[in-house]
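One structure below.
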Amino acid sequence: MTSTVPTHTQSSEALPLIGGSATGSTDPTGVTSDVFDPATGLVTKRLAHTSAEGVDALVAAARLAWRSGWRDSTQKQRFALVMRLRELLLERRADLIELIVSENGKSSADAGGEFDRALDGLDSVLSFPVALQGSYSAQVASGVDTHSVIHPLGVVTTITPFNFPLMIPLWDAVAALVCGNAVIHKPSPRVPSAAILLAELIGQAGAPEGVYTVAHGDAATVDALLDHPGIAAASFVGSTPVARHVYQRGTHAGKRVQAMGGAKNHVVVMPDCDLEFTADSLVSGAFGSSGQRCMAVTIAVAVGDVADSLREAIAARIPALHVGPGREPGCDMGPVVSRESQARIVALVDQGEREGVEVVVDGRPLAQQLAGFFVGPTLLDRVTPHTAVYDEEIFGPVLGILRVDSLRSAIDLIDANPYGNGASIFTSDGGAAHTFSREVETGMLGVNVPVPVPVNSFSTGGWKASVFGAHGLLGPEAFRFYSRQKQITTRWPDSGSQSMGMAFKPAT
Ligand code: NAD
C-alpha cells in the first residue's frame, strides 16, 4: 500500500447527518461530531448530538411507554420480542458487520465474531424466566406467608464504548428489556450507526414506541442522562476515568449504577508451557481487534528463563499478520479507531523507549505509511512497572514482555496493578494453575486461554479499578441489576378451618 496519509476530509455539506429525530432525539441543539472511516481517515457522516432537552423528551416518552403498558408486559411478550429480534439481526447480519467495519475499523471477520458473540448473549437471556422467578415462604407465622416478586426498575440508560458497537449494546438491551425496563441507549459517538440500526430492529421486533431509544453525544449527553430524575439506573462500559465519573455522578443523583472500566490484562508464561501454542495465543490475544478489547493481552509476564524464547516466537509470528483496511480479504488487523488513539499509542511507545523499554517489533512507522489510523503490531521487551507502557491502558496493538523470576513475583505484580479485568496463565503444571486461579485478584481468569471471557450464562465483569459498583454484563448479575424485588407478607385468617378442627394447638 502506498503512502497516502490524508491531509483533508470531505466537505461537511456532502455528508449525511445521522442521529437527531430519526432515532427519537427530538431536540438536537446543533452540536454535531464527525464520524470517521478509520481505514481511510476520512469523515463519512456527521452525528447530531442530543441536548438536555432532547434527553428530557426521550425520558418522558420512555416513562409513558413503561407506565402505560411495557412494565406489565408478560414474559411471553418479552420472549417473543427477543426471538423476533434474533431473526431480524440474522437478516441484517451483513449490514451490521459493514457498519461496524466502516466506523470501528476492525476486520470483517472480527466484526462477524462480534456479531456471533452478540447473538450468544441474546440466546443466554432465554433462561430469564428462571432469573425472574420470585420465592415463597409459607407459614412464617401463624397463617402468615411471605413471597417475593421481581419488578423492573423503570427507565434505564446504557452508555457504551466504541470497541464493540453491537455486542455490548445488544447484551445490555436484551437484559434490560426482558426484565421489563424501558431503555435509552447512548452509544459511542465514534460508532453510532450499528446502534441506530439495532434500535430500529428492536422496534420492528415489537417494542412499543418509546421503549427503546437512542440518545447521541458525548460527555454532555451522558451527564444529562445521569442527572435526570426520571432515569432509575445507568449501566456503563468504557474507560476507567469515565467509569469512575459515571458511577459518582449517577449514584449522587440516586441511581443504581454499574460502571465497567478499563484494563491491563497480564498473561503469565511459565517455563513449562507449550511455547508454540502460547505464542500463537498471545499474538491473537494482543493484536486481534488491534488490541482494542477490554480483555486484550497487554503484558506477557515471562517467568524464569522462558523470556528469550517467548520473545523470539512472538516476533517471528508478527510479520505474517496482514494489516490493512478491515474490508480487505484476509485482513488480520485493521486500523485503530481514531487519529487521537493512533497518536496516543505512538506517543506511549516513544515514552516507553525513553524510559528504557526495548522496542523489538516497531509498529510506529505504519502510522506514517498508510492512510487511515493504522499502527502496526508492536512488541516491547523489558517492560517494568512505572513505565508509561505498563502503567497506562494503551488500548492498541502493543504487547509488552515483563520478566520476573517466579510465579510468586508474577502474582504479586498482577495484584499490585490497579486494574482487575482479566489475567491468564500458560503452563502444564496443574498446581501452578490452581494457585494462580485462587490467588489472583481479577474478575476473569484463564488457564491456557488468552482472552478468558466466560460464556454468557455467566456474568462478565472485572474487579478493582475495572468496575465501579457491583454486578456484571449478562448472566445472573445483569438480571439482578435490571430488576428489584418486592417482598409481600400476607395473612389470610381461615375462620372455616377452626370448625374443621384444624386450628394449631401448641403443645402443653
Ligand atoms: P470512553 O470511556 O472514552 O467512552 C465510553 C462512553 O462514555 C462513550 O459512550 C462516550 O461517549 C462516553 N464518555 C466519554 N467521555 C465522557 C465523559 N467525560 N463523561 C461522560 N461520558 C463520557 O471509552 P471508549 O474509548 O469508547 O472505549 C474504550 C474503553 O472501554 C477502554 O478503556 C476499554 O478497556 C473499556 N472497555 C471495558 C469493558 C469492560 O467490560 N470492562 C468492555 C469494553 C471496553
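Following the order of the C-alpha cells, first chain is A, next is B, and so on, with residues numbered from 1 inside each chain and ligands from 1 in the order they appear.
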
Residues near Val211 of chain A, cut-off 8 Å, only C-alpha atoms, skip fewer than 2 positions along chain, as a PyMOL selection string: chain A and resi 61-62+65-66+70+181-184+207-209+213

At most 9 Å from ligand 1 (only C-alpha atoms and all ligand atoms): residue list as a short mmCIF file (atom, residue, chain, number, x, y, z; two decimals) with N, CA, C and O atoms, in the first residue's frame:
```cif
data_model
loop_
_atom_site.label_atom_id
_atom_site.label_comp_id
_atom_site.auth_asym_id
_atom_site.auth_seq_id
_atom_site.Cartn_x
_atom_site.Cartn_y
_atom_site.Cartn_z
N THR A 158 -28.20 2.93 29.07
CA THR A 158 -26.98 2.16 28.85
C THR A 158 -26.02 3.03 28.05
O THR A 158 -26.42 3.61 27.03
N ILE A 159 -24.80 3.12 28.51
CA ILE A 159 -23.80 4.01 27.89
C ILE A 159 -22.63 3.13 27.47
O ILE A 159 -22.04 2.45 28.32
N THR A 160 -22.32 3.10 26.19
CA THR A 160 -21.42 2.05 25.70
C THR A 160 -20.20 2.62 24.97
O THR A 160 -20.22 3.75 24.50
N PRO A 161 -19.14 1.80 24.85
CA PRO A 161 -17.88 2.26 24.25
C PRO A 161 -17.83 1.99 22.75
O PRO A 161 -18.73 1.39 22.19
N PHE A 162 -16.71 2.41 22.14
CA PHE A 162 -16.60 2.28 20.68
C PHE A 162 -16.20 0.88 20.25
O PHE A 162 -16.40 0.50 19.08
N ASN A 163 -15.61 0.09 21.15
CA ASN A 163 -14.89 -1.09 20.65
C ASN A 163 -15.79 -2.29 20.32
O ASN A 163 -15.39 -3.15 19.56
N PHE A 164 -17.00 -2.33 20.88
CA PHE A 164 -17.98 -3.34 20.47
C PHE A 164 -19.29 -2.61 20.15
O PHE A 164 -20.19 -2.54 20.99
N ILE A 168 -21.98 -5.07 22.97
CA ILE A 168 -22.29 -4.57 24.31
C ILE A 168 -23.68 -3.92 24.34
O ILE A 168 -24.48 -4.21 25.23
N LYS A 186 -27.04 5.21 24.92
CA LYS A 186 -26.14 6.28 24.47
C LYS A 186 -24.87 5.60 23.93
O LYS A 186 -23.99 5.22 24.70
N PRO A 187 -24.79 5.41 22.61
CA PRO A 187 -23.60 4.75 22.04
C PRO A 187 -22.41 5.70 21.96
O PRO A 187 -22.57 6.92 22.15
N SER A 188 -21.27 5.15 21.65
CA SER A 188 -20.10 6.00 21.40
C SER A 188 -20.35 6.83 20.16
O SER A 188 -20.81 6.31 19.13
N PRO A 189 -20.04 8.12 20.21
CA PRO A 189 -20.26 8.96 19.02
C PRO A 189 -19.35 8.58 17.86
O PRO A 189 -19.55 9.03 16.74
N ARG A 190 -18.36 7.73 18.13
CA ARG A 190 -17.45 7.33 17.05
C ARG A 190 -18.04 6.20 16.21
O ARG A 190 -17.63 6.00 15.07
N VAL A 191 -18.99 5.44 16.80
CA VAL A 191 -19.54 4.27 16.10
C VAL A 191 -21.07 4.20 16.27
O VAL A 191 -21.61 3.20 16.72
N HIS A 216 -27.74 10.51 21.35
CA HIS A 216 -26.39 10.59 20.81
C HIS A 216 -25.60 11.70 21.49
O HIS A 216 -26.17 12.69 21.97
N GLY A 217 -24.28 11.54 21.48
CA GLY A 217 -23.43 12.60 22.00
C GLY A 217 -22.30 12.03 22.82
O GLY A 217 -21.98 10.84 22.72
N ASP A 218 -21.72 12.90 23.64
CA ASP A 218 -20.55 12.50 24.42
C ASP A 218 -20.80 12.90 25.87
O ASP A 218 -21.87 12.62 26.40
N ALA A 219 -19.83 13.59 26.49
CA ALA A 219 -19.92 13.86 27.93
C ALA A 219 -21.19 14.61 28.31
O ALA A 219 -21.85 14.25 29.30
N ALA A 220 -21.57 15.64 27.55
CA ALA A 220 -22.73 16.46 27.94
C ALA A 220 -24.01 15.63 27.93
O ALA A 220 -24.86 15.75 28.83
N THR A 221 -24.16 14.78 26.92
CA THR A 221 -25.37 13.95 26.84
C THR A 221 -25.38 12.94 27.98
O THR A 221 -26.42 12.68 28.61
N VAL A 222 -24.21 12.35 28.26
CA VAL A 222 -24.13 11.38 29.37
C VAL A 222 -24.50 12.06 30.69
O VAL A 222 -25.30 11.52 31.48
N ASP A 223 -23.98 13.25 30.92
CA ASP A 223 -24.29 13.93 32.18
C ASP A 223 -25.78 14.26 32.29
O ASP A 223 -26.37 14.16 33.37
N LEU A 226 -27.37 11.10 33.35
CA LEU A 226 -27.07 10.74 34.74
C LEU A 226 -27.82 11.63 35.73
O LEU A 226 -28.19 11.19 36.82
N PHE A 236 -22.87 1.33 32.45
CA PHE A 236 -21.82 1.98 31.65
C PHE A 236 -20.72 0.98 31.34
O PHE A 236 -20.33 0.18 32.20
N VAL A 237 -20.16 1.06 30.14
CA VAL A 237 -18.93 0.35 29.81
C VAL A 237 -18.03 1.33 29.08
O VAL A 237 -18.45 1.97 28.11
N GLY A 238 -16.78 1.46 29.54
CA GLY A 238 -15.85 2.38 28.90
C GLY A 238 -14.55 2.43 29.69
O GLY A 238 -14.20 1.48 30.40
N SER A 239 -13.85 3.54 29.60
CA SER A 239 -12.55 3.66 30.26
C SER A 239 -12.72 3.93 31.76
O SER A 239 -13.77 4.41 32.20
N THR A 240 -11.68 3.66 32.52
CA THR A 240 -11.78 3.80 33.98
C THR A 240 -12.06 5.23 34.45
O THR A 240 -12.93 5.42 35.31
N PRO A 241 -11.39 6.26 33.91
CA PRO A 241 -11.71 7.60 34.43
C PRO A 241 -13.18 7.97 34.20
O PRO A 241 -13.82 8.57 35.07
N VAL A 242 -13.72 7.59 33.04
CA VAL A 242 -15.12 7.92 32.77
C VAL A 242 -16.05 7.02 33.60
O VAL A 242 -17.08 7.48 34.11
N ALA A 243 -15.66 5.76 33.78
CA ALA A 243 -16.47 4.85 34.62
C ALA A 243 -16.58 5.42 36.04
O ALA A 243 -17.67 5.42 36.64
N HIS A 245 -16.32 8.54 36.95
CA HIS A 245 -17.17 9.74 36.89
C HIS A 245 -18.65 9.34 36.82
O HIS A 245 -19.48 9.90 37.53
N VAL A 246 -18.94 8.39 35.95
CA VAL A 246 -20.35 7.97 35.76
C VAL A 246 -20.89 7.38 37.06
O VAL A 246 -22.02 7.68 37.47
N ALA A 259 -20.62 0.38 36.49
CA ALA A 259 -19.73 1.05 35.55
C ALA A 259 -18.48 0.19 35.36
O ALA A 259 -17.63 0.08 36.24
N MET A 260 -18.42 -0.45 34.19
CA MET A 260 -17.25 -1.28 33.85
C MET A 260 -16.16 -0.37 33.26
O MET A 260 -16.45 0.42 32.36
N GLY A 261 -14.94 -0.52 33.75
CA GLY A 261 -13.87 0.36 33.31
C GLY A 261 -12.83 -0.34 32.46
O GLY A 261 -13.07 -1.40 31.87
N GLY A 262 -11.65 0.26 32.41
CA GLY A 262 -10.58 -0.21 31.55
C GLY A 262 -9.81 -1.38 32.15
O GLY A 262 -10.23 -1.99 33.15
N ALA A 263 -8.68 -1.69 31.55
CA ALA A 263 -8.00 -2.93 31.93
C ALA A 263 -6.51 -2.88 31.61
O ALA A 263 -6.05 -2.04 30.83
N LYS A 264 -5.79 -3.77 32.23
CA LYS A 264 -4.39 -4.03 31.90
C LYS A 264 -4.21 -5.53 32.14
O LYS A 264 -3.99 -5.96 33.28
N GLN A 292 -7.80 -3.45 20.74
CA GLN A 292 -8.86 -2.59 21.29
C GLN A 292 -9.97 -3.45 21.91
O GLN A 292 -11.14 -3.35 21.52
N ARG A 293 -9.58 -4.31 22.79
CA ARG A 293 -10.54 -5.12 23.54
C ARG A 293 -10.23 -4.95 25.01
O ARG A 293 -9.05 -4.94 25.40
N CYS A 294 -11.27 -4.88 25.82
CA CYS A 294 -11.01 -4.73 27.26
C CYS A 294 -10.32 -5.96 27.81
O CYS A 294 -9.72 -5.91 28.87
N MET A 295 -10.37 -7.07 27.06
CA MET A 295 -9.72 -8.30 27.51
C MET A 295 -8.46 -8.59 26.68
O MET A 295 -7.94 -9.72 26.71
N ALA A 296 -7.99 -7.62 25.92
CA ALA A 296 -6.77 -7.83 25.12
C ALA A 296 -5.59 -8.14 26.04
O ALA A 296 -5.49 -7.61 27.16
N VAL A 337 -9.18 3.21 16.18
CA VAL A 337 -10.46 3.88 15.91
C VAL A 337 -10.32 5.33 15.48
O VAL A 337 -11.18 5.83 14.74
N SER A 341 -6.36 8.23 18.99
CA SER A 341 -5.87 6.96 19.54
C SER A 341 -4.52 6.61 18.92
O SER A 341 -3.59 6.18 19.61
N GLU A 393 -3.31 2.18 30.31
CA GLU A 393 -4.01 1.28 29.38
C GLU A 393 -3.76 1.83 27.97
O GLU A 393 -4.18 2.95 27.64
N ILE A 394 -3.04 1.07 27.14
CA ILE A 394 -2.67 1.58 25.81
C ILE A 394 -3.84 1.48 24.85
O ILE A 394 -4.09 2.36 24.05
N PHE A 395 -4.57 0.39 24.89
CA PHE A 395 -5.72 0.13 24.02
C PHE A 395 -5.34 0.25 22.55
O PHE A 395 -5.94 0.95 21.75
N ASN A 421 -9.35 -6.69 35.42
CA ASN A 421 -10.33 -7.24 34.48
C ASN A 421 -10.05 -8.71 34.18
O ASN A 421 -10.83 -9.58 34.52
N THR A 460 -20.19 -11.23 33.00
CA THR A 460 -18.88 -10.76 32.58
C THR A 460 -18.55 -9.48 33.33
O THR A 460 -19.34 -8.54 33.30
N GLY A 461 -17.41 -9.44 33.98
CA GLY A 461 -17.05 -8.21 34.67
C GLY A 461 -15.76 -8.36 35.45
O GLY A 461 -15.37 -9.47 35.82
N GLY A 462 -15.08 -7.23 35.67
CA GLY A 462 -13.80 -7.26 36.34
C GLY A 462 -13.90 -6.92 37.81
O GLY A 462 -14.99 -6.86 38.39
N SER A 466 -11.39 -1.84 37.44
CA SER A 466 -12.08 -2.21 36.21
C SER A 466 -13.59 -2.25 36.39
O SER A 466 -14.32 -2.56 35.44
N VAL A 467 -14.07 -1.94 37.58
CA VAL A 467 -15.52 -1.87 37.78
C VAL A 467 -15.83 -0.96 38.96
O VAL A 467 -15.09 -0.92 39.94
N GLY A 472 -22.50 -7.16 36.71
CA GLY A 472 -21.74 -7.55 35.53
C GLY A 472 -22.66 -7.58 34.33
O GLY A 472 -23.87 -7.48 34.47
N LEU A 473 -22.05 -7.73 33.15
CA LEU A 473 -22.86 -7.78 31.94
C LEU A 473 -23.43 -9.18 31.78
O LEU A 473 -22.74 -10.18 31.99
#
```

DSSP strand (DSSP E or B) selection over segment 52-195 of chain A, as a list in words: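 Filtering segment 52-195 of chain A to strand (DSSP E or B) leaves Ser135, Tyr136, Ser137, Ala138, Gln139, Val140, Ala141, Val144, Asp145, Thr146, His147, Ser148, Val149, Ile150, His151, Pro152, Val155, Val156, Thr157, Thr158, Ile159, Ala182, Val183, Ile184, His185 and Lys186 of chain A.
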
9 Å contact set for Leu89 of chain A, only C-alpha atoms, chain neighbours under 6 positions out, as a PyMOL selection string: chain A and resi 96+115+119+198+201

Sorted per-residue table, segment 188-269 of chain A near segment 484-495 of chain A, closest atoms and distance, 12 Å, only C-alpha atoms, as JSON lines:
```
{"residue": "A:Ala232", "atom": "CA", "partner": "A:Arg484", "partner_atom": "CA", "distance": 11.1}
{"residue": "A:Ala233", "atom": "CA", "partner": "A:Arg484", "partner_atom": "CA", "distance": 11.3}
{"residue": "A:Arg256", "atom": "CA", "partner": "A:Arg484", "partner_atom": "CA", "distance": 10.7}
```

Pick from A:Leu99, A:Leu81, A:Ala313, A:Ala109, whichever lies nearest to Val178 of chain A using only C-alpha atoms: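 Closest to Val178 of chain A of all the choices is A:Leu81.
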
Per-residue DSSP, segment 347-404 of chain A, filtered to helix (DSSP H, G or I), as a list in words: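 So, restricting segment 347-404 of chain A to helix (DSSP H, G or I), we get Ala347, Leu348, Val349, Asp350, Gln351, Gly352, Glu353, Arg354, Leu366, Ala367, Gln368, Gln369, Ala388, Val389, Tyr390 and Asp391 of chain A.
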
Surrounding residues of Asp381 of chain A excluding itself and chain neighbours under 3 positions, 6 Å, only C-alpha atoms, as a list in words: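 These residues fall inside the cut-off: Glu358, Gly400 and Ile401 of chain A.
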
Store the residues picked out above, limited to all heavy atoms, as a tab-separated table (two decimals), in the first residue's frame.
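Now in result15.tsv:
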```tsv
chain	number	residue	atom	x	y	z
A	358	GLU	N	12.61	-1.85	25.55
A	358	GLU	CA	13.21	-2.19	24.26
A	358	GLU	C	12.10	-2.43	23.23
A	358	GLU	O	11.16	-3.20	23.50
A	358	GLU	CB	14.02	-3.47	24.46
A	358	GLU	CG	14.96	-3.78	23.34
A	358	GLU	CD	15.69	-5.10	23.59
A	358	GLU	OE1	15.86	-5.49	24.78
A	358	GLU	OE2	16.05	-5.74	22.61
A	400	GLY	N	3.72	-6.04	25.61
A	400	GLY	CA	4.98	-5.88	26.33
A	400	GLY	C	5.36	-7.15	27.07
A	400	GLY	O	4.50	-7.82	27.64
A	401	ILE	N	6.66	-7.48	27.05
A	401	ILE	CA	7.15	-8.61	27.86
A	401	ILE	C	7.78	-8.03	29.12
A	401	ILE	O	8.59	-7.09	29.06
A	401	ILE	CB	8.18	-9.44	27.08
A	401	ILE	CG1	7.52	-10.06	25.83
A	401	ILE	CG2	8.78	-10.53	27.97
A	401	ILE	CD1	8.51	-10.78	24.92
```

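Taking atom CA of Gly372 of chain A and atom CA of Arg46 of chain A as endpoints, the distance between them is 18.0 Å.
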
Best match for closeness to Leu132 of chain A among A:Arg480, A:Arg117, A:Lys45, A:Arg311, counting only C-alpha atoms: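 That would be A:Arg480, the residue with the smallest distance to Leu132 of chain A.
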
Closest of A:Leu15, A:Ala316, A:Leu42, A:Val301 to Glu103 of chain A - atom-to-atom distances counting only C-alpha atoms: A:Leu42

Neighbour list for Ala320 of chain A as an NGL selection string, cut-off 12 Å, only C-alpha atoms, skip fewer than 4 positions in-chain: :A and (280 or 283-284 or 314-316 or 330-333 or 376-377)

Atom CA of Pro129 of chain A to atom CA of Ala194 of chain A, distance in Å rounded to a single decimal: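 According to the coordinates, atom CA of Pro129 of chain A and atom CA of Ala194 of chain A are separated by 28.5 Å.
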
Distance criterion (only C-alpha atoms): nearest to Glu477 of chain A out of A:Asn456, A:Ser148, A:Ser281, A:Ser289: A:Asn456

One-decimal distance in Å that lies between atom CA of Arg364 of chain A and atom CA of Leu380 of chain A: 12.1 Å

Counting only C-alpha atoms, the residue of A:Val268, A:Leu47, A:Leu126, A:Ala39 that sits nearest Gly105 of chain A: A:Ala39
